[in-house]
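Below is coords-v9.pdb, holding PDB, C-alpha atoms.
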```pdb
ATOM      1  CA  MET A  36      26.654 -64.533   4.376
ATOM      2  CA  ASN A  37      26.440 -60.897   5.451
ATOM      3  CA  ASP A  38      22.942 -59.407   4.664
ATOM      4  CA  VAL A  39      23.947 -55.857   5.596
ATOM      5  CA  SER A  40      24.998 -53.750   2.627
ATOM      6  CA  PRO A  41      28.333 -51.984   2.901
ATOM      7  CA  SER A  42      26.575 -48.578   2.773
ATOM      8  CA  ALA A  43      24.163 -49.297   5.654
ATOM      9  CA  LYS A  44      24.839 -47.362   8.872
ATOM     10  CA  PRO A  45      23.459 -47.923  12.355
ATOM     11  CA  GLN A  46      20.369 -45.763  13.032
ATOM     12  CA  ASP A  47      20.990 -42.784  15.259
ATOM     13  CA  GLU A  48      19.633 -43.255  18.739
ATOM     14  CA  MET A  49      16.087 -41.787  19.015
ATOM     15  CA  VAL A  50      15.651 -38.732  21.187
ATOM     16  CA  LEU A  51      12.627 -39.238  23.454
ATOM     17  CA  ILE A  52      10.996 -36.115  24.874
ATOM     18  CA  GLU A  53       8.163 -36.773  27.310
ATOM     19  CA  HIS A  54       5.673 -34.652  29.273
ATOM     20  CA  LEU A  55       5.707 -31.765  26.834
ATOM     21  CA  PRO A  56       3.719 -28.835  28.207
ATOM     22  CA  PHE A  57       0.266 -28.154  26.719
ATOM     23  CA  GLU A  58      -2.822 -26.044  27.264
ATOM     24  CA  THR A  59      -6.494 -26.938  26.842
ATOM     25  CA  ASP A  60      -9.506 -24.963  25.706
ATOM     26  CA  GLY A  61     -13.188 -25.679  25.389
ATOM     27  CA  GLY A  62     -12.685 -27.859  22.321
ATOM     28  CA  ILE A  63     -14.919 -27.803  19.285
ATOM     29  CA  ALA A  64     -17.982 -28.019  21.558
ATOM     30  CA  SER A  65     -17.119 -24.984  23.675
ATOM     31  CA  ARG A  66     -20.641 -23.569  23.272
ATOM     32  CA  ALA A  67     -22.833 -26.616  22.770
ATOM     33  CA  SER A  68     -22.554 -30.373  22.353
ATOM     34  CA  LEU A  69     -25.484 -31.843  20.429
ATOM     35  CA  GLY A  70     -26.250 -35.535  20.106
ATOM     36  CA  LEU A  71     -28.354 -36.706  17.148
ATOM     37  CA  LEU A  72     -29.967 -40.118  16.675
ATOM     38  CA  VAL A  73     -30.161 -40.715  12.919
ATOM     39  CA  LEU A  74     -32.305 -43.397  11.300
ATOM     40  CA  ALA A  75     -30.277 -46.104   9.595
ATOM     41  CA  THR A  76     -32.096 -45.309   6.332
ATOM     42  CA  ASP A  77     -31.804 -41.497   6.521
ATOM     43  CA  PHE A  78     -29.770 -39.763   3.782
ATOM     44  CA  THR A  79     -30.738 -36.180   4.616
ATOM     45  CA  ILE A  80     -30.708 -35.045   8.241
ATOM     46  CA  GLU A  81     -26.947 -35.042   8.756
ATOM     47  CA  HIS A  82     -26.417 -32.979   5.602
ATOM     48  CA  GLU A  83     -28.974 -30.364   6.633
ATOM     49  CA  TRP A  84     -27.850 -30.184  10.255
ATOM     50  CA  ARG A  85     -24.202 -29.846   9.295
ATOM     51  CA  ALA A  86     -25.076 -27.065   6.873
ATOM     52  CA  ILE A  87     -26.937 -25.185   9.615
ATOM     53  CA  MET A  88     -24.391 -25.831  12.380
ATOM     54  CA  GLY A  89     -21.401 -25.118  10.124
ATOM     55  CA  GLY A  90     -21.667 -21.391  10.644
ATOM     56  CA  LEU A  91     -21.646 -21.644  14.438
ATOM     57  CA  PRO A  92     -18.171 -21.819  16.031
ATOM     58  CA  GLY A  93     -18.138 -23.811  19.238
ATOM     59  CA  VAL A  94     -21.208 -25.876  18.364
ATOM     60  CA  ALA A  95     -20.457 -29.562  17.773
ATOM     61  CA  LEU A  96     -22.684 -32.322  16.423
ATOM     62  CA  TYR A  97     -22.238 -35.989  17.349
ATOM     63  CA  GLU A  98     -24.387 -38.681  15.739
ATOM     64  CA  SER A  99     -25.261 -42.329  16.065
ATOM     65  CA  ARG A 100     -27.490 -44.491  13.887
ATOM     66  CA  ILE A 101     -30.575 -46.365  15.019
ATOM     67  CA  LEU A 102     -31.816 -49.462  13.185
ATOM     68  CA  ASN A 103     -35.121 -48.981  11.403
ATOM     69  CA  ASP A 104     -37.099 -50.402   8.505
ATOM     70  CA  ALA A 105     -37.044 -48.473   5.227
ATOM     71  CA  GLN A 106     -40.793 -49.096   4.894
ATOM     72  CA  ILE A 107     -42.576 -46.455   6.967
ATOM     73  CA  THR A 108     -45.586 -48.021   8.699
ATOM     74  CA  PRO A 109     -47.047 -47.541  12.186
ATOM     75  CA  GLU A 110     -45.617 -50.933  13.158
ATOM     76  CA  THR A 111     -42.061 -50.278  11.942
ATOM     77  CA  LEU A 112     -42.090 -46.859  13.577
ATOM     78  CA  ARG A 113     -43.072 -48.218  16.993
ATOM     79  CA  ALA A 114     -40.484 -50.998  16.695
ATOM     80  CA  MET A 115     -37.719 -48.424  17.205
ATOM     81  CA  GLU A 116     -38.688 -47.570  20.775
ATOM     82  CA  PRO A 117     -36.549 -50.219  22.552
ATOM     83  CA  ARG A 118     -33.512 -49.269  20.427
ATOM     84  CA  ILE A 119     -33.403 -45.600  21.409
ATOM     85  CA  ALA A 120     -31.476 -45.969  24.667
ATOM     86  CA  ALA A 121     -28.653 -48.013  23.131
ATOM     87  CA  ALA A 122     -28.289 -45.561  20.243
ATOM     88  CA  THR A 123     -28.054 -42.728  22.765
ATOM     89  CA  ASP A 124     -25.561 -44.546  24.958
ATOM     90  CA  VAL A 125     -22.878 -44.821  22.248
ATOM     91  CA  ILE A 126     -22.628 -41.060  21.650
ATOM     92  CA  LEU A 127     -19.497 -39.958  23.541
ATOM     93  CA  PRO A 128     -20.010 -42.249  26.553
ATOM     94  CA  GLY A 129     -19.138 -40.500  29.791
ATOM     95  CA  SER A 130     -19.010 -37.045  28.182
ATOM     96  CA  ASN A 131     -21.485 -34.222  28.491
ATOM     97  CA  LEU A 132     -24.180 -33.648  25.896
ATOM     98  CA  ASP A 133     -26.339 -30.541  26.138
ATOM     99  CA  VAL A 134     -29.160 -31.915  23.994
ATOM    100  CA  VAL A 135     -30.066 -35.267  22.443
ATOM    101  CA  ALA A 136     -32.342 -35.154  19.383
ATOM    102  CA  TYR A 137     -34.199 -38.191  18.057
ATOM    103  CA  GLY A 138     -34.398 -37.934  14.286
ATOM    104  CA  CYS A 139     -37.717 -39.462  13.294
ATOM    105  CA  THR A 140     -40.862 -37.359  13.038
ATOM    106  CA  SER A 141     -43.515 -39.996  12.536
ATOM    107  CA  ALA A 142     -42.002 -42.384  15.108
ATOM    108  CA  SER A 143     -41.952 -39.576  17.670
ATOM    109  CA  MET A 144     -45.706 -39.364  17.235
ATOM    110  CA  ALA A 145     -46.357 -43.107  16.923
ATOM    111  CA  ILE A 146     -44.312 -43.793  20.079
ATOM    112  CA  GLY A 147     -45.061 -40.500  21.831
ATOM    113  CA  GLU A 148     -42.602 -37.735  22.667
ATOM    114  CA  GLU A 149     -42.517 -38.466  26.409
ATOM    115  CA  LYS A 150     -41.717 -42.140  25.825
ATOM    116  CA  VAL A 151     -38.919 -41.131  23.460
ATOM    117  CA  PHE A 152     -37.538 -38.788  26.119
ATOM    118  CA  GLU A 153     -37.751 -41.535  28.760
ATOM    119  CA  ARG A 154     -35.711 -43.859  26.541
ATOM    120  CA  ILE A 155     -33.089 -41.188  25.878
ATOM    121  CA  ARG A 156     -32.816 -40.260  29.558
ATOM    122  CA  SER A 157     -32.438 -43.877  30.600
ATOM    123  CA  ALA A 158     -29.012 -43.588  28.947
ATOM    124  CA  ARG A 159     -28.364 -39.859  29.564
ATOM    125  CA  PRO A 160     -30.196 -38.784  32.726
ATOM    126  CA  ASN A 161     -31.451 -35.183  32.816
ATOM    127  CA  VAL A 162     -30.299 -34.348  29.278
ATOM    128  CA  LYS A 163     -32.466 -31.915  27.319
ATOM    129  CA  CYS A 164     -34.346 -33.717  24.548
ATOM    130  CA  THR A 165     -36.124 -32.920  21.335
ATOM    131  CA  THR A 166     -37.711 -34.651  18.377
ATOM    132  CA  PRO A 167     -38.814 -33.252  15.028
ATOM    133  CA  ILE A 168     -42.401 -32.822  16.192
ATOM    134  CA  THR A 169     -41.256 -31.344  19.525
ATOM    135  CA  GLY A 170     -39.199 -28.833  17.554
ATOM    136  CA  ALA A 171     -42.142 -28.167  15.263
ATOM    137  CA  PHE A 172     -44.476 -27.396  18.176
ATOM    138  CA  ALA A 173     -41.864 -25.034  19.644
ATOM    139  CA  ALA A 174     -41.498 -23.434  16.205
ATOM    140  CA  PHE A 175     -45.263 -22.918  15.855
ATOM    141  CA  LYS A 176     -45.318 -21.153  19.220
ATOM    142  CA  ALA A 177     -42.298 -19.001  18.377
ATOM    143  CA  LEU A 178     -43.915 -18.016  15.063
ATOM    144  CA  LYS A 179     -47.299 -17.483  16.788
ATOM    145  CA  ALA A 180     -48.809 -19.961  14.322
ATOM    146  CA  LYS A 181     -52.166 -21.589  15.022
ATOM    147  CA  ARG A 182     -53.247 -22.760  11.574
ATOM    148  CA  ILE A 183     -50.734 -25.255  10.222
ATOM    149  CA  GLY A 184     -50.518 -26.540   6.666
ATOM    150  CA  VAL A 185     -48.838 -29.968   6.662
ATOM    151  CA  LEU A 186     -46.945 -31.688   3.846
ATOM    152  CA  THR A 187     -45.637 -35.230   4.276
ATOM    153  CA  PRO A 188     -44.328 -38.105   2.168
ATOM    154  CA  TYR A 189     -46.206 -40.747   4.188
ATOM    155  CA  ARG A 190     -48.883 -43.289   3.388
ATOM    156  CA  ALA A 191     -52.452 -42.785   4.612
ATOM    157  CA  ASP A 192     -52.314 -44.554   8.006
ATOM    158  CA  VAL A 193     -49.143 -42.686   9.039
ATOM    159  CA  ASN A 194     -50.686 -39.423   7.834
ATOM    160  CA  ARG A 195     -53.634 -40.043  10.150
ATOM    161  CA  ILE A 196     -51.266 -40.348  13.122
ATOM    162  CA  VAL A 197     -49.584 -37.062  12.160
ATOM    163  CA  ALA A 198     -52.805 -35.091  11.615
ATOM    164  CA  ASP A 199     -54.411 -36.365  14.825
ATOM    165  CA  TYR A 200     -51.279 -35.744  16.900
ATOM    166  CA  ILE A 201     -50.930 -32.131  15.778
ATOM    167  CA  ALA A 202     -54.634 -31.395  16.209
ATOM    168  CA  ALA A 203     -54.629 -32.959  19.692
ATOM    169  CA  ARG A 204     -52.027 -30.373  20.759
ATOM    170  CA  GLY A 205     -54.399 -27.512  20.008
ATOM    171  CA  PHE A 206     -53.340 -26.553  16.481
ATOM    172  CA  GLU A 207     -55.652 -26.359  13.483
ATOM    173  CA  VAL A 208     -54.724 -28.343  10.357
ATOM    174  CA  PRO A 209     -56.969 -26.919   7.617
ATOM    175  CA  VAL A 210     -55.008 -28.536   4.791
ATOM    176  CA  PHE A 211     -52.843 -31.671   4.672
ATOM    177  CA  GLY A 212     -50.945 -32.904   1.613
ATOM    178  CA  SER A 213     -48.880 -36.017   1.014
ATOM    179  CA  PHE A 214     -46.653 -37.616  -1.636
ATOM    180  CA  ASN A 215     -47.889 -41.003  -0.321
ATOM    181  CA  GLU A 216     -44.496 -42.698  -0.583
ATOM    182  CA  GLN A 217     -43.646 -45.201   2.137
ATOM    183  CA  ASP A 218     -40.035 -46.060   1.191
ATOM    184  CA  ASP A 219     -37.628 -43.792   3.101
ATOM    185  CA  ARG A 220     -34.938 -44.225   0.439
ATOM    186  CA  THR A 221     -37.232 -42.868  -2.251
ATOM    187  CA  VAL A 222     -38.349 -40.005  -0.019
ATOM    188  CA  SER A 223     -34.751 -38.819   0.294
ATOM    189  CA  ARG A 224     -34.643 -38.370  -3.491
ATOM    190  CA  ILE A 225     -37.779 -36.235  -3.779
ATOM    191  CA  THR A 226     -36.474 -33.057  -5.375
ATOM    192  CA  PRO A 227     -36.573 -29.684  -3.586
ATOM    193  CA  ALA A 228     -38.554 -28.392  -6.573
ATOM    194  CA  SER A 229     -41.209 -31.046  -5.918
ATOM    195  CA  VAL A 230     -41.308 -30.061  -2.251
ATOM    196  CA  LYS A 231     -41.722 -26.411  -3.238
ATOM    197  CA  ARG A 232     -44.634 -27.310  -5.548
ATOM    198  CA  GLY A 233     -46.171 -29.290  -2.701
ATOM    199  CA  VAL A 234     -45.918 -26.287  -0.394
ATOM    200  CA  GLU A 235     -47.492 -24.054  -3.050
ATOM    201  CA  THR A 236     -50.353 -26.546  -3.453
ATOM    202  CA  ILE A 237     -50.925 -26.508   0.313
ATOM    203  CA  LEU A 238     -51.049 -22.693   0.287
ATOM    204  CA  SER A 239     -53.462 -22.627  -2.646
ATOM    205  CA  HIS A 240     -56.093 -24.554  -0.694
ATOM    206  CA  ALA A 241     -56.252 -22.740   2.648
ATOM    207  CA  ALA A 242     -54.942 -19.753   4.552
ATOM    208  CA  VAL A 243     -52.373 -20.934   7.088
ATOM    209  CA  ASP A 244     -49.899 -19.297   9.467
ATOM    210  CA  THR A 245     -47.061 -21.651   8.544
ATOM    211  CA  VAL A 246     -46.347 -24.818   6.565
ATOM    212  CA  PHE A 247     -44.698 -27.796   8.242
ATOM    213  CA  VAL A 248     -42.948 -30.330   5.986
ATOM    214  CA  SER A 249     -42.794 -33.545   7.985
ATOM    215  CA  CYS A 250     -40.080 -36.249   7.651
ATOM    216  CA  THR A 251     -36.338 -36.022   8.260
ATOM    217  CA  SER A 252     -35.628 -37.514   4.835
ATOM    218  CA  VAL A 253     -37.259 -34.599   3.001
ATOM    219  CA  ARG A 254     -34.896 -31.859   1.769
ATOM    220  CA  LEU A 255     -36.177 -28.408   2.639
ATOM    221  CA  ALA A 256     -33.803 -26.477   4.940
ATOM    222  CA  GLU A 257     -31.633 -24.910   2.245
ATOM    223  CA  ALA A 258     -34.693 -23.736   0.286
ATOM    224  CA  ALA A 259     -36.724 -22.447   3.242
ATOM    225  CA  ARG A 260     -35.744 -18.797   2.969
ATOM    226  CA  ALA A 261     -36.376 -18.641  -0.787
ATOM    227  CA  ILE A 262     -39.783 -20.313  -0.462
ATOM    228  CA  GLU A 263     -40.729 -17.861   2.286
ATOM    229  CA  ALA A 264     -39.668 -14.928   0.104
ATOM    230  CA  GLU A 265     -41.904 -16.156  -2.726
ATOM    231  CA  THR A 266     -44.937 -17.150  -0.670
ATOM    232  CA  GLY A 267     -44.800 -14.709   2.244
ATOM    233  CA  VAL A 268     -45.535 -17.575   4.655
ATOM    234  CA  PRO A 269     -43.051 -18.958   7.225
ATOM    235  CA  ILE A 270     -42.031 -22.523   6.477
ATOM    236  CA  THR A 271     -40.271 -25.187   8.479
ATOM    237  CA  SER A 272     -39.568 -28.898   8.326
ATOM    238  CA  SER A 273     -38.584 -31.767  10.588
ATOM    239  CA  ASN A 274     -34.831 -31.175  10.265
ATOM    240  CA  HIS A 275     -35.160 -27.396  10.151
ATOM    241  CA  ALA A 276     -37.374 -27.088  13.246
ATOM    242  CA  MET A 277     -35.483 -29.665  15.307
ATOM    243  CA  ALA A 278     -32.092 -28.083  14.528
ATOM    244  CA  TRP A 279     -33.423 -24.696  15.632
ATOM    245  CA  HIS A 280     -34.971 -26.178  18.771
ATOM    246  CA  ALA A 281     -31.818 -28.106  19.709
ATOM    247  CA  LEU A 282     -29.740 -24.947  19.393
ATOM    248  CA  ARG A 283     -32.143 -22.906  21.474
ATOM    249  CA  LEU A 284     -32.358 -25.629  24.155
ATOM    250  CA  ALA A 285     -28.545 -25.598  24.312
ATOM    251  CA  GLY A 286     -28.532 -21.843  24.869
ATOM    252  CA  VAL A 287     -27.351 -20.918  21.369
ATOM    253  CA  THR A 288     -29.416 -17.836  20.533
ATOM    254  CA  ASP A 289     -27.688 -16.690  17.324
ATOM    255  CA  VAL A 290     -29.981 -15.040  14.780
ATOM    256  CA  MET A 291     -29.492 -16.751  11.401
ATOM    257  CA  PRO A 292     -31.880 -15.198   8.846
ATOM    258  CA  GLN A 293     -30.260 -17.132   5.997
ATOM    259  CA  TRP A 294     -32.188 -20.166   7.283
ATOM    260  CA  GLY A 295     -35.561 -18.434   7.295
ATOM    261  CA  LYS A 296     -37.851 -16.669   9.722
ATOM    262  CA  LEU A 297     -37.705 -19.368  12.366
ATOM    263  CA  PHE A 298     -33.991 -18.844  12.858
ATOM    264  CA  GLU A 299     -34.635 -15.211  13.703
ATOM    265  CA  ALA A 300     -36.881 -16.308  16.604
ATOM    266  CA  GLN A 301     -36.190 -17.381  20.167
ATOM    267  CA  LEU A 302     -38.112 -19.879  22.273
ATOM    268  CA  ALA A 303     -41.548 -18.570  23.221
TER     269      ALA A 303
END
```

How does the structure come out when it is put into structure tokens?
Amino acid sequence: MNDVSPSAKPQDEMVLIEHLPFETDGGIASRASLGLLVLATDFTIEHEWRAIMGGLPGVALYESRILNDAQITPETLRAMEPRIAAATDVILPGSNLDVVAYGCTSASMAIGEEKVFERIRSARPNVKCTTPITGAFAAFKALKAKRIGVLTPYRADVNRIVADYIAARGFEVPVFGSFNEQDDRTVSRITPASVKRGVETILSHAAVDTVFVSCTSVRLAEAARAIEAETGVPITSSNHAMAWHALRLAGVTDVMPQWGKLFEAQLA
């Protein structure tokens, strides 16, 4: 029995063209290649960083996820330390990264910034590093801020780590507010309006040079400029400050006033 229909015709012989000429350019990371370690439970940081970086041609963002517990306690924060190197290692292995940013504010303080940097550099020697609190300290200096109002979502024992860590670096913390929510998934759903009210409460209790909203799950970046316009006080957050710091470390000096006063500043 013949399975070939009468209308079927032999396929024309394929024309194979090899070694076509091509040119290369700097790629999408022609200005800066940024690596970001994102907590497994984080819903927010990638959204805010992409929004900020989206207006910067030649700046590319590459992420990996690091396993963490959704319950934010000193113990679960410190448990991430041995996982940092492996999470760094899987971002574009063998390719250049200008900066690697570790996306957990409270863990950066519970572990210590230098230990975080050591873990990152064990996978990417000599890379520039930042964390949310590292970016915040650089932001305070750039804004010439000494008195810092702090707003967090954390429970009391984590808040103590944050307050002590900031004060130990020579900054005053005259007022500290918290939502006292330890589940990272819930924190990511705290509304920007609630964050704004929290900032206003902070400002109603003490005169400060800036307000720092701690936690990469908290949504603030897109509202920063509007809050500053209403309050007259510079404001930053974990994602906001670390994005600015990563850009400046990578040599990206663009002034971006749409993201607030910090993004008009350079490294001090």

Practice task
For region 160-170 of chain A, work out the shell of residues within 7 Å, counting all atoms listed in the file and skipping chain neighbours fewer than 4 positions away, then give it as a list in words.
Solution key: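 Residues near the query, excluding close chain neighbours: Asp133, Val134, Val135, Ala136, Tyr137, Gly138, Cys139, Thr140, Ser143, Phe152, Arg156, Ala174, Ser273, Asn274, Ala276, Met277, His280 and Ala281 of chain A.
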
Practice task
Select, from A:Ala198, A:Ala86, A:Val193, A:Leu91, the residue with the minimum atom-to-atom distance to His275 (chain A), counting all atoms listed in the file.
Solution key: A:Ala86

Handout entry: Pick from A:Arg113, A:Ala121, A:Glu83, A:Pro269, whichever lies nearest to Arg100 (chain A) using only C-alpha atoms
Key =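 When distances to Arg100 (chain A) are compared using only C-alpha atoms, the smallest one comes from A:Ala121.
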
Practice task
Measuring atom to atom with all atoms listed in the file, identify which of A:Val287, A:Leu112, A:Leu69, A:Leu238 is nearest to Ser130 (chain A).
Solution key: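 When distances to Ser130 (chain A) are compared using all atoms listed in the file, the smallest one comes from A:Leu69.
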
Practice task
Would you write out, as a count of residues only, every residue that the PyMOL selection byres ((chain A and resi 220-235) around 10) captures in this file?
Solution key: 44

Handout entry: Nearest to Ser68 (chain A), chosen from A:Ala95, A:Val210, A:Met49, A:Ala303, with all atoms listed in the file counted in the distances
Key =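 Smallest distance to Ser68 (chain A) is found for A:Ala95.
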
Problem - Shortest interatomic distance to Gly93 (chain A) - which of A:Gly295, A:Gly286, A:Pro109, A:Gly267, counting all atoms listed in the file - result: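 Distance minimum relative to Gly93 (chain A) lands on A:Gly286.
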
Fill in the blank from the handout: Computed gap from CA of Ser141 (chain A) to CA of Glu207 (chain A) is 18.3 Å

Extending 4 Å beyond the listed atoms of region 78-94 of chain A on each side, what axis-aligned box results? I want centre and edge lengths in Å to one decimal, as lines of an AutoDock Vina configuration file.
```
center_x = -24.4
center_y = -30.6
center_z = 11.5
size_x = 20.6
size_y = 26.4
size_z = 23.5
```

Handout entry: Distance of CA of Arg190 (chain A) from CA of Arg85 (chain A), expressed in Å to one decimal place
Key =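 Separating CA of Arg85 (chain A) from CA of Arg190 (chain A) is a distance of 28.7 Å.
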
Exercise for the section: Show which residues sit within 10 Å of Met88 (chain A), as JSON, numbers by chain. Count only C-alpha atoms, and ignore same-chain residues fewer than 6 positions away. Expected result: {"A": [94, 95, 96, 278, 279, 282]}

Exercise for the section: Provide the CA of His82 (chain A) to CA of Thr123 (chain A) distance in Å, to one decimal place. Expected result: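 One can read the CA of His82 (chain A) to CA of Thr123 (chain A) distance as 19.8 Å.
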
Practice task
Mind checking which residues fall within 8 Å of Ala122 (chain A), counting all atoms listed in the file, ignoring those fewer than 4 positions away in the same chain, and posting them as a list in words?
Solution key: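 What passes the distance filter is Leu72, Ser99, Arg100, Ile101, Arg118 and Ile126 of chain A.
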
Exercise for the section: Please provide as a list of chain:residue names all residues within 9 Å of Arg182 (chain A), with the sequence filter that same-chain residues fewer than 2 positions apart are discarded (counting all atoms listed in the file). Expected result: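 Surrounding residues, per the criterion: A:Ala180, A:Gly184, A:Phe206, A:Glu207, A:Val208, A:Pro209, A:Ala242, A:Val243, A:Asp244, A:Thr245, A:Val246.
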
Handout entry: Counting only C-alpha atoms, the option among A:Phe211, A:Met291, A:Gly62, A:Asp47 closest to Gly89 (chain A)
Key =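 Smallest separation from Gly89 (chain A) among the options: A:Met291.
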